[in-house]
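With mmCIF, C-alpha atoms and all ligand atoms; chains and numbers go by the auth columns inside, this is coords_32.cif:
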```cif
data_work
loop_
_atom_site.group_PDB
_atom_site.id
_atom_site.type_symbol
_atom_site.label_atom_id
_atom_site.label_comp_id
_atom_site.label_asym_id
_atom_site.label_seq_id
_atom_site.Cartn_x
_atom_site.Cartn_y
_atom_site.Cartn_z
_atom_site.B_iso_or_equiv
_atom_site.auth_seq_id
_atom_site.auth_asym_id
ATOM 1 C CA MET A 1 -13.826 -14.503 10.953 0.00 218 A
ATOM 2 C CA LYS A 2 -10.552 -15.884 9.641 0.00 219 A
ATOM 3 C CA LEU A 3 -8.759 -13.951 6.886 0.00 220 A
ATOM 4 C CA LEU A 4 -5.716 -14.904 4.863 0.00 221 A
ATOM 5 C CA VAL A 5 -3.515 -11.852 4.276 0.00 222 A
ATOM 6 C CA ALA A 6 -1.849 -12.154 0.879 0.00 223 A
ATOM 7 C CA THR A 7 1.566 -10.807 1.890 0.00 224 A
ATOM 8 C CA SER A 8 4.604 -12.175 3.631 0.00 225 A
ATOM 9 C CA ASN A 9 5.725 -8.674 4.621 0.00 226 A
ATOM 10 C CA PRO A 10 5.738 -8.794 8.475 0.00 227 A
ATOM 11 C CA GLY A 11 5.338 -4.994 8.717 0.00 228 A
ATOM 12 C CA LYS A 12 2.116 -5.102 6.715 0.00 229 A
ATOM 13 C CA ILE A 13 0.788 -8.087 8.701 0.00 230 A
ATOM 14 C CA ARG A 14 1.462 -6.251 11.987 0.00 231 A
ATOM 15 C CA GLU A 15 -0.299 -3.084 10.793 0.00 232 A
ATOM 16 C CA ILE A 16 -3.297 -5.052 9.509 0.00 233 A
ATOM 17 C CA SER A 17 -3.622 -7.058 12.715 0.00 234 A
ATOM 18 C CA GLU A 18 -3.511 -3.856 14.818 0.00 235 A
ATOM 19 C CA ILE A 19 -6.587 -2.538 13.004 0.00 236 A
ATOM 20 C CA LEU A 20 -8.611 -5.670 12.206 0.00 237 A
ATOM 21 C CA GLY A 21 -7.494 -7.870 15.111 0.00 238 A
ATOM 22 C CA SER A 22 -9.580 -5.895 17.594 0.00 239 A
ATOM 23 C CA CYS A 23 -12.799 -6.661 15.649 0.00 240 A
ATOM 24 C CA GLY A 24 -12.806 -10.398 16.143 0.00 241 A
ATOM 25 C CA ILE A 25 -10.873 -11.087 12.931 0.00 242 A
ATOM 26 C CA THR A 26 -8.082 -13.662 13.025 0.00 243 A
ATOM 27 C CA LEU A 27 -5.333 -13.183 10.475 0.00 244 A
ATOM 28 C CA VAL A 28 -3.497 -16.045 8.845 0.00 245 A
ATOM 29 C CA SER A 29 -0.384 -15.499 6.720 0.00 246 A
ATOM 30 C CA PRO A 30 0.618 -17.574 3.684 0.00 247 A
ATOM 31 C CA ASP A 31 3.752 -18.609 5.645 0.00 248 A
ATOM 32 C CA GLU A 32 1.604 -20.075 8.443 0.00 249 A
ATOM 33 C CA LYS A 33 -0.344 -22.086 5.848 0.00 250 A
ATOM 34 C CA GLY A 34 2.891 -23.231 4.197 0.00 251 A
ATOM 35 C CA LEU A 35 1.764 -21.568 0.966 0.00 252 A
ATOM 36 C CA ALA A 36 3.783 -19.481 -1.464 0.00 253 A
ATOM 37 C CA PHE A 37 3.130 -18.348 -4.989 0.00 254 A
ATOM 38 C CA ASP A 38 3.688 -15.239 -7.041 0.00 255 A
ATOM 39 C CA VAL A 39 0.745 -13.453 -8.585 0.00 256 A
ATOM 40 C CA GLU A 40 1.439 -11.397 -11.711 0.00 257 A
ATOM 41 C CA GLU A 41 0.190 -7.838 -10.972 0.00 258 A
ATOM 42 C CA GLY A 42 -0.747 -7.067 -14.574 0.00 259 A
ATOM 43 C CA GLY A 43 -3.587 -4.586 -13.911 0.00 260 A
ATOM 44 C CA THR A 44 -3.615 -0.907 -14.818 0.00 261 A
ATOM 45 C CA THR A 45 -5.069 0.332 -11.514 0.00 262 A
ATOM 46 C CA PHE A 46 -4.349 -0.319 -7.838 0.00 263 A
ATOM 47 C CA ALA A 47 -7.875 -1.740 -7.472 0.00 264 A
ATOM 48 C CA GLU A 48 -7.363 -4.196 -10.334 0.00 265 A
ATOM 49 C CA ASN A 49 -4.044 -5.406 -8.930 0.00 266 A
ATOM 50 C CA ALA A 50 -5.324 -5.775 -5.379 0.00 267 A
ATOM 51 C CA THR A 51 -8.367 -7.669 -6.676 0.00 268 A
ATOM 52 C CA ILE A 52 -6.257 -9.988 -8.890 0.00 269 A
ATOM 53 C CA LYS A 53 -4.097 -10.854 -5.851 0.00 270 A
ATOM 54 C CA ALA A 54 -6.995 -11.329 -3.415 0.00 271 A
ATOM 55 C CA LEU A 55 -8.909 -13.523 -5.878 0.00 272 A
ATOM 56 C CA ALA A 56 -5.917 -15.700 -6.723 0.00 273 A
ATOM 57 C CA TRP A 57 -5.394 -16.458 -3.035 0.00 274 A
ATOM 58 C CA ASN A 58 -9.128 -16.962 -2.462 0.00 275 A
ATOM 59 C CA ARG A 59 -9.266 -19.486 -5.306 0.00 276 A
ATOM 60 C CA ALA A 60 -6.186 -21.282 -3.973 0.00 277 A
ATOM 61 C CA THR A 61 -7.362 -21.535 -0.359 0.00 278 A
ATOM 62 C CA GLY A 62 -11.150 -21.134 -0.309 0.00 279 A
ATOM 63 C CA MET A 63 -10.635 -18.643 2.537 0.00 280 A
ATOM 64 C CA PRO A 64 -11.577 -14.949 2.559 0.00 281 A
ATOM 65 C CA CYS A 65 -8.359 -13.267 1.328 0.00 282 A
ATOM 66 C CA LEU A 66 -7.133 -9.731 1.823 0.00 283 A
ATOM 67 C CA ALA A 67 -4.601 -8.153 -0.552 0.00 284 A
ATOM 68 C CA ASP A 68 -3.406 -4.621 -1.147 0.00 285 A
ATOM 69 C CA ASP A 69 -1.701 -2.647 -3.854 0.00 286 A
ATOM 70 C CA SER A 70 -0.181 0.735 -3.316 0.00 287 A
ATOM 71 C CA GLY A 71 2.100 3.317 -4.805 0.00 288 A
ATOM 72 C CA LEU A 72 2.950 6.957 -5.324 0.00 289 A
ATOM 73 C CA CYS A 73 1.015 9.224 -7.725 0.00 290 A
ATOM 74 C CA VAL A 74 2.608 12.537 -8.716 0.00 291 A
ATOM 75 C CA ASP A 75 0.279 15.164 -10.244 0.00 292 A
ATOM 76 C CA ALA A 76 2.877 16.795 -12.532 0.00 293 A
ATOM 77 C CA LEU A 77 3.673 13.343 -13.960 0.00 294 A
ATOM 78 C CA GLY A 78 0.047 12.502 -14.774 0.00 295 A
ATOM 79 C CA GLY A 79 -0.193 10.143 -11.786 0.00 296 A
ATOM 80 C CA ALA A 80 3.100 8.293 -12.411 0.00 297 A
ATOM 81 C CA PRO A 81 4.750 6.184 -11.145 0.00 298 A
ATOM 82 C CA GLY A 82 1.360 4.807 -9.938 0.00 299 A
ATOM 83 C CA VAL A 83 1.020 1.046 -10.328 0.00 300 A
ATOM 84 C CA PHE A 84 4.621 0.979 -11.575 0.00 301 A
ATOM 85 C CA SER A 85 5.993 2.463 -8.314 0.00 302 A
ATOM 86 C CA ALA A 86 8.039 -0.611 -7.362 0.00 303 A
ATOM 87 C CA ARG A 87 9.568 -0.908 -10.864 0.00 304 A
ATOM 88 C CA TYR A 88 9.598 2.742 -12.017 0.00 305 A
ATOM 89 C CA ALA A 89 13.254 2.565 -13.063 0.00 306 A
ATOM 90 C CA GLY A 90 12.983 -0.999 -14.393 0.00 307 A
ATOM 91 C CA HIS A 91 12.233 -4.527 -13.213 0.00 308 A
ATOM 92 C CA ALA A 92 15.378 -4.880 -11.101 0.00 309 A
ATOM 93 C CA ALA A 93 15.211 -1.284 -9.809 0.00 310 A
ATOM 94 C CA THR A 94 16.180 -0.503 -6.213 0.00 311 A
ATOM 95 C CA ASP A 95 14.465 2.175 -4.121 0.00 312 A
ATOM 96 C CA ALA A 96 17.506 4.409 -4.825 0.00 313 A
ATOM 97 C CA ASP A 97 17.106 3.924 -8.607 0.00 314 A
ATOM 98 C CA ASN A 98 13.399 4.755 -8.436 0.00 315 A
ATOM 99 C CA ASN A 99 14.001 7.826 -6.282 0.00 316 A
ATOM 100 C CA SER A 100 16.729 9.126 -8.623 0.00 317 A
ATOM 101 C CA LEU A 101 14.466 8.756 -11.638 0.00 318 A
ATOM 102 C CA LEU A 102 11.642 10.538 -9.846 0.00 319 A
ATOM 103 C CA LEU A 103 13.932 13.469 -8.975 0.00 320 A
ATOM 104 C CA ARG A 104 15.224 13.639 -12.563 0.00 321 A
ATOM 105 C CA ASN A 105 11.697 13.658 -13.971 0.00 322 A
ATOM 106 C CA LEU A 106 10.738 16.487 -11.602 0.00 323 A
ATOM 107 C CA GLU A 107 13.805 18.657 -12.244 0.00 324 A
ATOM 108 C CA GLY A 108 12.667 22.285 -12.582 0.00 325 A
ATOM 109 C CA VAL A 109 9.026 21.341 -11.897 0.00 326 A
ATOM 110 C CA GLU A 110 7.314 23.637 -9.381 0.00 327 A
ATOM 111 C CA ASP A 111 4.065 21.761 -8.801 0.00 328 A
ATOM 112 C CA ARG A 112 5.292 18.831 -6.704 0.00 329 A
ATOM 113 C CA THR A 113 2.024 17.681 -5.137 0.00 330 A
ATOM 114 C CA ALA A 114 1.623 13.926 -4.844 0.00 331 A
ATOM 115 C CA ARG A 115 -0.165 11.242 -2.883 0.00 332 A
ATOM 116 C CA PHE A 116 0.399 7.731 -1.666 0.00 333 A
ATOM 117 C CA VAL A 117 -2.584 5.552 -2.564 0.00 334 A
ATOM 118 C CA CYS A 118 -3.506 2.134 -1.217 0.00 335 A
ATOM 119 C CA VAL A 119 -6.362 -0.123 -2.266 0.00 336 A
ATOM 120 C CA MET A 120 -7.392 -3.068 -0.078 0.00 337 A
ATOM 121 C CA ALA A 121 -9.339 -5.899 -1.712 0.00 338 A
ATOM 122 C CA LEU A 122 -11.059 -8.551 0.368 0.00 339 A
ATOM 123 C CA ALA A 123 -12.286 -11.529 -1.687 0.00 340 A
ATOM 124 C CA PHE A 124 -14.867 -13.811 -0.055 0.00 341 A
ATOM 125 C CA SER A 125 -15.553 -15.465 -3.443 0.00 342 A
ATOM 126 C CA PRO A 126 -15.180 -14.433 -7.105 0.00 343 A
ATOM 127 C CA GLU A 127 -18.653 -12.809 -6.890 0.00 344 A
ATOM 128 C CA ASP A 128 -18.160 -11.173 -3.523 0.00 345 A
ATOM 129 C CA ILE A 129 -15.216 -8.745 -3.313 0.00 346 A
ATOM 130 C CA LEU A 130 -14.959 -5.597 -1.205 0.00 347 A
ATOM 131 C CA THR A 131 -12.474 -2.826 -2.062 0.00 348 A
ATOM 132 C CA THR A 132 -11.551 0.316 -0.159 0.00 349 A
ATOM 133 C CA THR A 133 -9.056 3.111 -0.864 0.00 350 A
ATOM 134 C CA GLY A 134 -6.843 5.211 1.394 0.00 351 A
ATOM 135 C CA GLN A 135 -4.830 8.254 0.335 0.00 352 A
ATOM 136 C CA CYS A 136 -2.247 10.421 1.914 0.00 353 A
ATOM 137 C CA GLU A 137 -1.374 13.856 0.452 0.00 354 A
ATOM 138 C CA GLY A 138 2.150 15.247 0.277 0.00 355 A
ATOM 139 C CA VAL A 139 4.812 17.090 -1.689 0.00 356 A
ATOM 140 C CA ILE A 140 7.879 15.642 -3.420 0.00 357 A
ATOM 141 C CA LEU A 141 11.096 17.134 -2.015 0.00 358 A
ATOM 142 C CA THR A 142 14.041 18.161 -4.235 0.00 359 A
ATOM 143 C CA GLY A 143 16.352 15.773 -2.357 0.00 360 A
ATOM 144 C CA PRO A 144 16.099 12.970 0.218 0.00 361 A
ATOM 145 C CA ARG A 145 15.468 13.684 3.925 0.00 362 A
ATOM 146 C CA GLY A 146 15.600 11.078 6.701 0.00 363 A
ATOM 147 C CA GLU A 147 16.701 7.474 7.050 0.00 364 A
ATOM 148 C CA GLN A 148 13.580 5.557 8.108 0.00 365 A
ATOM 149 C CA GLY A 149 11.001 3.774 6.003 0.00 366 A
ATOM 150 C CA PHE A 150 11.310 2.416 2.493 0.00 367 A
ATOM 151 C CA GLY A 151 10.379 3.164 -1.113 0.00 368 A
ATOM 152 C CA TYR A 152 9.752 6.862 -1.714 0.00 369 A
ATOM 153 C CA ASP A 153 9.529 7.829 1.992 0.00 370 A
ATOM 154 C CA SER A 154 12.645 10.049 1.991 0.00 371 A
ATOM 155 C CA LEU A 155 11.234 12.193 -0.855 0.00 372 A
ATOM 156 C CA PHE A 156 7.665 12.466 0.494 0.00 373 A
ATOM 157 C CA LEU A 157 7.001 15.530 2.645 0.00 374 A
ATOM 158 C CA ASP A 158 3.988 15.519 4.947 0.00 375 A
ATOM 159 C CA PRO A 159 3.003 19.237 4.892 0.00 376 A
ATOM 160 C CA GLY A 160 1.205 19.042 8.259 0.00 377 A
ATOM 161 C CA SER A 161 4.252 17.978 10.279 0.00 378 A
ATOM 162 C CA GLY A 162 6.962 19.415 7.993 0.00 379 A
ATOM 163 C CA LYS A 163 8.683 16.015 8.089 0.00 380 A
ATOM 164 C CA SER A 164 9.362 13.545 5.326 0.00 381 A
ATOM 165 C CA PHE A 165 7.932 10.054 5.921 0.00 382 A
ATOM 166 C CA ALA A 166 11.545 8.898 6.375 0.00 383 A
ATOM 167 C CA GLN A 167 11.977 11.367 9.268 0.00 384 A
ATOM 168 C CA MET A 168 9.057 9.836 11.170 0.00 385 A
ATOM 169 C CA THR A 169 9.012 6.913 13.575 0.00 386 A
ATOM 170 C CA PRO A 170 7.069 3.920 12.224 0.00 387 A
ATOM 171 C CA GLU A 171 4.233 4.825 14.636 0.00 388 A
ATOM 172 C CA GLU A 172 4.046 8.427 13.350 0.00 389 A
ATOM 173 C CA LYS A 173 4.003 7.268 9.734 0.00 390 A
ATOM 174 C CA ASN A 174 1.515 4.453 10.268 0.00 391 A
ATOM 175 C CA ALA A 175 -0.875 6.818 12.060 0.00 392 A
ATOM 176 C CA ARG A 176 -1.398 8.785 8.827 0.00 393 A
ATOM 177 C CA SER A 177 -0.528 6.253 6.145 0.00 394 A
ATOM 178 C CA HIS A 178 -2.567 5.436 3.054 0.00 395 A
ATOM 179 C CA ARG A 179 -2.525 1.773 4.141 0.00 396 A
ATOM 180 C CA ARG A 180 -4.030 2.620 7.530 0.00 397 A
ATOM 181 C CA ARG A 181 -6.743 4.752 5.921 0.00 398 A
ATOM 182 C CA ALA A 182 -7.676 1.961 3.484 0.00 399 A
ATOM 183 C CA LEU A 183 -7.775 -0.518 6.376 0.00 400 A
ATOM 184 C CA MET A 184 -9.943 1.726 8.557 0.00 401 A
ATOM 185 C CA ALA A 185 -12.341 2.146 5.619 0.00 402 A
ATOM 186 C CA LEU A 186 -12.419 -1.647 5.195 0.00 403 A
ATOM 187 C CA ARG A 187 -13.120 -2.142 8.897 0.00 404 A
ATOM 188 C CA ASP A 188 -15.989 0.409 8.666 0.00 405 A
ATOM 189 C CA LEU A 189 -17.388 -1.308 5.562 0.00 406 A
ATOM 190 C CA LEU A 190 -17.275 -4.732 7.228 0.00 407 A
ATOM 191 C CA LYS A 191 -19.112 -3.268 10.238 0.00 408 A
ATOM 192 C CA SER A 192 -21.742 -1.390 8.206 0.00 409 A
ATOM 193 C CA THR A 193 -22.508 -4.468 6.088 0.00 410 A
ATOM 194 C CA GLY A 194 -22.900 -6.595 9.230 0.00 411 A
ATOM 195 C CA ARG A 195 -20.015 -8.923 8.427 0.00 412 A
ATOM 196 C CA ILE A 196 -18.276 -8.272 11.745 0.00 413 A
HETATM 197 P P1 LIG B . 3.839 -6.773 -1.728 0.00 501 A
HETATM 198 O O1 LIG B . 4.884 -7.832 -1.713 0.00 501 A
HETATM 199 O O2 LIG B . 2.932 -6.842 -0.544 0.00 501 A
HETATM 200 O O3 LIG B . 3.090 -6.664 -3.056 0.00 501 A
HETATM 201 P P2 LIG B . 5.333 -4.360 -2.526 0.00 501 A
HETATM 202 O O4 LIG B . 6.729 -4.089 -2.104 0.00 501 A
HETATM 203 O O5 LIG B . 5.058 -4.650 -3.979 0.00 501 A
HETATM 204 O O6 LIG B . 4.652 -5.413 -1.520 0.00 501 A
HETATM 205 P P3 LIG B . 3.299 -2.338 -2.620 0.00 501 A
HETATM 206 O O7 LIG B . 2.663 -2.972 -3.792 0.00 501 A
HETATM 207 O O8 LIG B . 2.462 -2.096 -1.420 0.00 501 A
HETATM 208 O O9 LIG B . 4.591 -3.091 -2.089 0.00 501 A
HETATM 209 O O10 LIG B . 3.962 -0.960 -3.041 0.00 501 A
HETATM 210 C C1 LIG B . 4.520 -0.743 -4.324 0.00 501 A
HETATM 211 C C2 LIG B . 5.576 0.318 -4.267 0.00 501 A
HETATM 212 O O11 LIG B . 4.993 1.586 -3.936 0.00 501 A
HETATM 213 C C3 LIG B . 6.659 0.076 -3.210 0.00 501 A
HETATM 214 O O12 LIG B . 7.666 -0.760 -3.710 0.00 501 A
HETATM 215 C C4 LIG B . 7.141 1.498 -2.954 0.00 501 A
HETATM 216 O O13 LIG B . 8.053 1.893 -3.960 0.00 501 A
HETATM 217 C C5 LIG B . 5.880 2.323 -3.106 0.00 501 A
HETATM 218 N N1 LIG B . 5.221 2.506 -1.789 0.00 501 A
HETATM 219 C C6 LIG B . 4.045 1.966 -1.389 0.00 501 A
HETATM 220 N N2 LIG B . 3.779 2.310 -0.115 0.00 501 A
HETATM 221 C C7 LIG B . 4.805 3.083 0.297 0.00 501 A
HETATM 222 C C8 LIG B . 5.128 3.727 1.506 0.00 501 A
HETATM 223 O O14 LIG B . 4.349 3.651 2.575 0.00 501 A
HETATM 224 N N3 LIG B . 6.283 4.405 1.566 0.00 501 A
HETATM 225 C C9 LIG B . 7.094 4.499 0.510 0.00 501 A
HETATM 226 N N4 LIG B . 6.886 3.915 -0.656 0.00 501 A
HETATM 227 C C10 LIG B . 5.737 3.209 -0.785 0.00 501 A
#
```
Produce structure tokens that represent the structure in this file.
Ligand code: ITT
Amino acid sequence: MKLLVATSNPGKIREISEILGSCGITLVSPDEKGLAFDVEEGGTTFAENATIKALAWNRATGMPCLADDSGLCVDALGGAPGVFSARYAGHAATDADNNSLLLRNLEGVEDRTARFVCVMALAFSPEDILTTTGQCEGVILTGPRGEQGFGYDSLFLDPGSGKSFAQMTPEEKNARSHRRRALMALRDLLKSTGRI
């Protein structure tokens, strides 16, 4: 099976091909097809956004299309920043801006439990869409730790290892990431429904 992966992020494409490539799935990127367009992620849930993206690419190419949406959900903030993770501090916000705002909003807050969430949507047609979710539990630190990663990694403590995601090698992080869990669930669903 050939899948178009609706991202031009090489890190995501590598991670997806590690998990799905071994099941007889060939991945094609928009770059390889010479395609580029922006899809407005106007949904209120990760599932809605991932589905909007996967469907838009499916309509444009006629191919099965895989898209994801992910973000950080903090319990004490009612699940924020959630689908607004990339633009928590505004449309032009940098990771540093978003992290500063998160720390400010959690000043003096004791319950700092949080999770990274990722939803994968695979659209075969508008009537045939599979979605799976992966989550990864953690605790928001009171200040940044580590230099690796991106986004909220330096503030996200993995309680099991005692390291922030930014203190892990890419391999260590990917082994437990929300994206990996969503992808493994997708691989299992494709197998159990006889599609691969
Ligand atoms: P696309 O172009 O593929 O849409 P994106 O940068 O918008 O990539 P996501 O929708 O996957 O990325 O993630 C939205 C935001 O959630 C991202 O900008 C980060 O702030 C945060 N985030 C998601 N996954 C993360 C991770 O593994 N580590 C740190 N922050 C993460």
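Closest to Ala392 of chain A among A:Glu232, A:Glu265, A:Tyr305, A:Ala223 is A:Glu232, based on all atoms listed in the file.
Among the candidates A:Asn322, A:Thr410, A:Thr261, A:Gln384, the residue lying nearest to Val300 of chain A is A:Thr261 (atoms considered: only C-alpha atoms).
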Item to check | Residue neighbourhood Ser239 of chain A, 12 Å, all atoms listed in the file, exclusion window fewer than 4 positions, as JSON, numbers by chain | outcome: {"A": [218, 232, 233, 234, 235, 243, 244, 401, 404, 413]}
Checklist entry - Can you tell me, as a PyMOL selection string, which residues sit within 12 Å of (6.9, 22.9, -12.2) in the file's frame, using only C-alpha atoms? => result chain A and resi 291-294+322-330+357+359
Next on the checklist: Residues contacting ligand LIG 501 (chain A) - anything with an atom at most 6 Å away, using only C-alpha atoms and all ligand atoms - can you give me those as a PyMOL selection string?
Outcome noted: chain A and resi 224+286-289+302-303+367-370
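Atom pair atom CA of Leu403 of chain A / atom CA of Pro298 of chain A has a distance of 25.0 Å (rounded to one decimal).
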Next on the checklist: One decimal, in Å: what's the spacing between atom CA of Lys250 of chain A and atom CA of Ile346 of chain A?
Outcome noted: 22.0 Å
Checklist entry - Mind telling me what the PyMOL selection byres (((chain A and resi 312) around 12) and not hetatm) catches here, as a list in words? => result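 Taken over the shown coordinates, the PyMOL selection byres (((chain A and resi 312) around 12) and not hetatm) returns Ser302, Ala303, Arg304, Tyr305, Ala306, Gly307, His308, Ala309, Ala310, Thr311, Ala313, Asp314, Asn315, Asn316, Ser317, Leu318, Leu319, Pro361, Gly366, Phe367, Gly368, Tyr369, Asp370, Ser371 and Leu372 of chain A.
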Item to check | Near-Gly259 of chain A list (12 Å; all atoms listed in the file; drop same-chain fewer than 3 positions) as a PyMOL selection string | outcome: chain A and resi 255-256+262-270+286+300-301
Checklist outcome for this item: Taken to one decimal, the atom CA of Leu358 of chain A-atom CA of Ser381 of chain A distance is 8.4 Å
Next on the checklist: If we count all atoms listed in the file and set the cut-off at 10 Å, which residues sit around Ala399 of chain A, ignoring sequence neighbours fewer than 6 positions away in its own chain? Please answer as a list in words.
Outcome noted: Asp285, Val334, Cys335, Val336, Met337, Ala338, Thr348, Thr349, Thr350, Gly351, Gln352 and Asp405 of chain A
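Restricting the calculation to only C-alpha atoms, the smallest distance between Arg321 of chain A and any of A:Cys353, A:Lys408, A:Gly360, A:Phe382 is found for A:Gly360.
Contact shell of segment 375-377 of chain A at 8 Å (all atoms listed in the file; same-chain neighbours under 2 positions omitted): Glu354, Gly355, Val356, Phe373, Gly379, Lys380, Ser381 and Phe382 of chain A.
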Next on the checklist: Applying 9 Å and all atoms listed in the file, which residues near Met280 of chain A remain after dropping the ones on its own chain fewer than 4 positions away? List them as a ChimeraX atom specification.
Outcome noted: /A:219-221,274-276,340-342
